[in-house]
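K.L.:
First, the structure itself, so that you have it in front of you.
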Amino acid sequence: MRFAHPWWLLLLLALPILAWLKGNRGGRAAFLYSTVAIVKGISGVTQSHSGAILRRLRWLALALLIVGLARPQQGLGERTVKASGVDIVVALDLSTSMVSEDFQLKGQRVNRLDVAKDVLKEFVLKRPNDRIGLVAFAGRPYIVSPPTLDHEFLLENIDRLRIGSIEDGTAIGSGLTAALNRLRELNSKSRVVILMTDGQNNAGKVPPATAAEAAQTLGVKVYTIGVGTRGKAPVPYFDAFGTKRYREMDVDIDEETLKAIARRTGGAYFRADSTDTLREIYAQIDRLEKSEVEMKRFQRYRELFPFFVLPGWVLLMLEIILAHTVWRKLP
């Protein structure tokens, strides 16, 4: 049991003081009577008794609401996990050329992004003890997920990837730089970037060679993957009648640049021209050197504030209703 915002509990100390001040001051009389005998039979509950109950309801309601503001949480326990000494960030190309449908998945023609997402999710599931992050890039990069052991969160964000979510282009250098920035502050035995692209660098402010030099300086290995069949690839489009058709486009992967990046950083370059090949590439990367360190990870906390806020509101409403009906003060 813990409180996420414990400072709100200090308000509880003010409640007795406010109650004492209000009791000393007393309420202002609505009428002045020479004797209370003329109104004695109006209610079966005396004024002092009903007033005390209403005050207690009010202070109890306020106390419950204050405890709710402090956000009480029930810990679901903690467990010790073995975390690998390898931190990985995947930089994935989201340019429009990734819609090319030159891959097959479960017997059906699919585009490059769908295959990349499917194989990447398999890779994540096989490495539960690695911190893995994800950067997507097209005309510019953006952070999908920082390196994390919360792989459920990572897998959810992989599913959300969509082509066209950022401006088009292929900023390989900027994508690699964004991935390096996620790893720069991490103190781990091995830091790795897996860069997947199907084109040539034509956007961004950072040249790929400069990004590779930065990776070498930081001691980060970069494994580069060229995604796409050789020769031509079918690119889907819809005609005027909404029928899906295909046009053949040249596959234009800058393999020399990708090889140079991998060579300079101590990584390796792979060409993925089929789904099975891409799986095998990730299987090879999966055999990276590992070391284990002990890390404690707390599971998520259960929020308990509704169990205080709801009764507090109920008591407050009850106090207001009683004060204006059954125990209403004489006008």
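Just so we're on the same page: first chain in the structure tokens is A, next is B, and so on; residues restart at 1 for each chain, and ligands are numbered from 1 in the order they show up.
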Where does DSSP see strand (DSSP E) in range 3-232 of chain A, if you list the residues as number ranges by chain?
P.N.:
A: 3, 72-75, 78-84, 86-93, 103-105, 108-110, 131-137, 141-148, 190-197, 221-227, 232
K.L.:
Any idea what's packed within 8 Å of Gly175 in chain A, counting only C-alpha atoms, ignoring anything in its chain fewer than 3 positions away? Could you give it as a ChimeraX atom specification?
P.N.:
/A:91,135-137,140-142,171-172,178-179
K.L.:
Residues as selected, C-alpha atoms, written as a compact mmCIF listing (two decimals), in the first residue's frame, can you do that?
P.N.:
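The result, stored in out_38.txt:
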```txt
# COMPACT_ATOMS: atom_id res chain seq x y z
CA ALA A 91 15.16 1.73 -36.56
CA VAL A 135 12.44 4.28 -33.79
CA ALA A 136 10.43 4.78 -36.99
CA PHE A 137 11.63 7.06 -39.75
CA ARG A 140 12.16 12.39 -40.31
CA PRO A 141 12.44 10.04 -37.34
CA TYR A 142 10.21 9.72 -34.30
CA ALA A 171 16.18 9.74 -43.69
CA ILE A 172 18.56 6.87 -42.92
CA ALA A 178 17.62 9.00 -33.22
CA ALA A 179 18.28 5.34 -32.36
```
K.L.:
Might you pull out every residue within 12 Å of Thr217 in chain A, with only C-alpha atoms counted and same-chain residues fewer than 6 positions away left off, and present them as an mmCIF file with C-alpha atoms, in the first residue's frame?
P.N.:
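Output below, filename selection_6.cif:
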```
data_model
loop_
_atom_site.group_PDB
_atom_site.id
_atom_site.type_symbol
_atom_site.label_atom_id
_atom_site.label_comp_id
_atom_site.auth_asym_id
_atom_site.auth_seq_id
_atom_site.Cartn_x
_atom_site.Cartn_y
_atom_site.Cartn_z
ATOM 1 C CA LEU A 180 21.757 6.191 -31.032
ATOM 2 C CA ARG A 184 23.678 6.920 -25.456
ATOM 3 C CA THR A 210 28.172 10.927 -39.971
ATOM 4 C CA ALA A 211 25.674 8.821 -38.038
ATOM 5 C CA ARG A 264 32.421 0.760 -39.545
ATOM 6 C CA THR A 265 30.504 -0.122 -36.377
ATOM 7 C CA GLY A 266 31.451 -3.805 -36.155
#
```
K.L.:
When distances are computed from only C-alpha atoms, which of A:Thr170, A:Ala116, A:Gly51, A:Phe123 shows the smallest separation from Val326 in chain A?
P.N.:
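That would be A:Gly51, the residue with the smallest distance to Val326 in chain A.
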K.L.:
Could you check the closest approach to Gly312 in chain A for each of A:Leu54, A:Ala63, A:Val89, A:Leu12 and tell me which residue wins, using only C-alpha atoms?
P.N.:
A:Ala63
K.L.:
Which one of A:Pro207, A:Pro311, A:Pro146, A:Gly85 sits closest to Val67 in chain A if you count only C-alpha atoms?
P.N.:
A:Pro311
K.L.:
Of the candidates A:Leu161, A:Ala233, A:Val192, A:Val251, which shows the shortest atom-to-atom distance to Leu176 in chain A, using only C-alpha atoms?
P.N.:
A:Val192
K.L.:
List the neighbours of range 300-306 of chain A out to 12 Å using only C-alpha atoms; skip same-chain residues closer than 2 positions along the sequence, and give me the result as a PyMOL selection string.
P.N.:
chain A and resi 1-5+64-79+150+297-298+308-314
K.L.:
Measuring between only C-alpha atoms, which one of A:Ala260, A:Met98, A:Leu183, A:Ala268 shows the shortest distance to Arg131 in chain A?
P.N.:
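Among the listed residues, A:Leu183 lies closest to Arg131 in chain A.
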K.L.:
Residues of range 73-268 of chain A classed as alpha helix (DSSP H) by DSSP on the backbone are to be reported as a VMD selection string.
P.N.:
chain A and resid 112 to 126 151 to 159 172 to 183 208 to 218 255 to 265
K.L.:
Could you check how far CA of Glu101 in chain A sits from CA of Asp114 in chain A, in Å to one decimal?
P.N.:
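Computing the Euclidean distance for CA of Glu101 in chain A and CA of Asp114 in chain A yields 9.4 Å.
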K.L.:
For Met249 in chain A, which of A:Leu9, A:Val99, A:Ile194, A:Val222 is the closest residue, counting only C-alpha atoms?
P.N.:
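Among the listed residues, the smallest separation from Met249 in chain A belongs to A:Val99.
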K.L.:
Would you mind listing what lies within 8 Å of Val124 in chain A as a list in words, with only C-alpha atoms counted and same-chain residues fewer than 5 positions away left out?
P.N.:
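Contacts, in chain order: Ile132, His151 and Leu155 of chain A.
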K.L.:
Could you tell me how far CA of Ile281 in chain A lies from CA of Lys117 in chain A, in Å and to one decimal?
P.N.:
14.1 Å
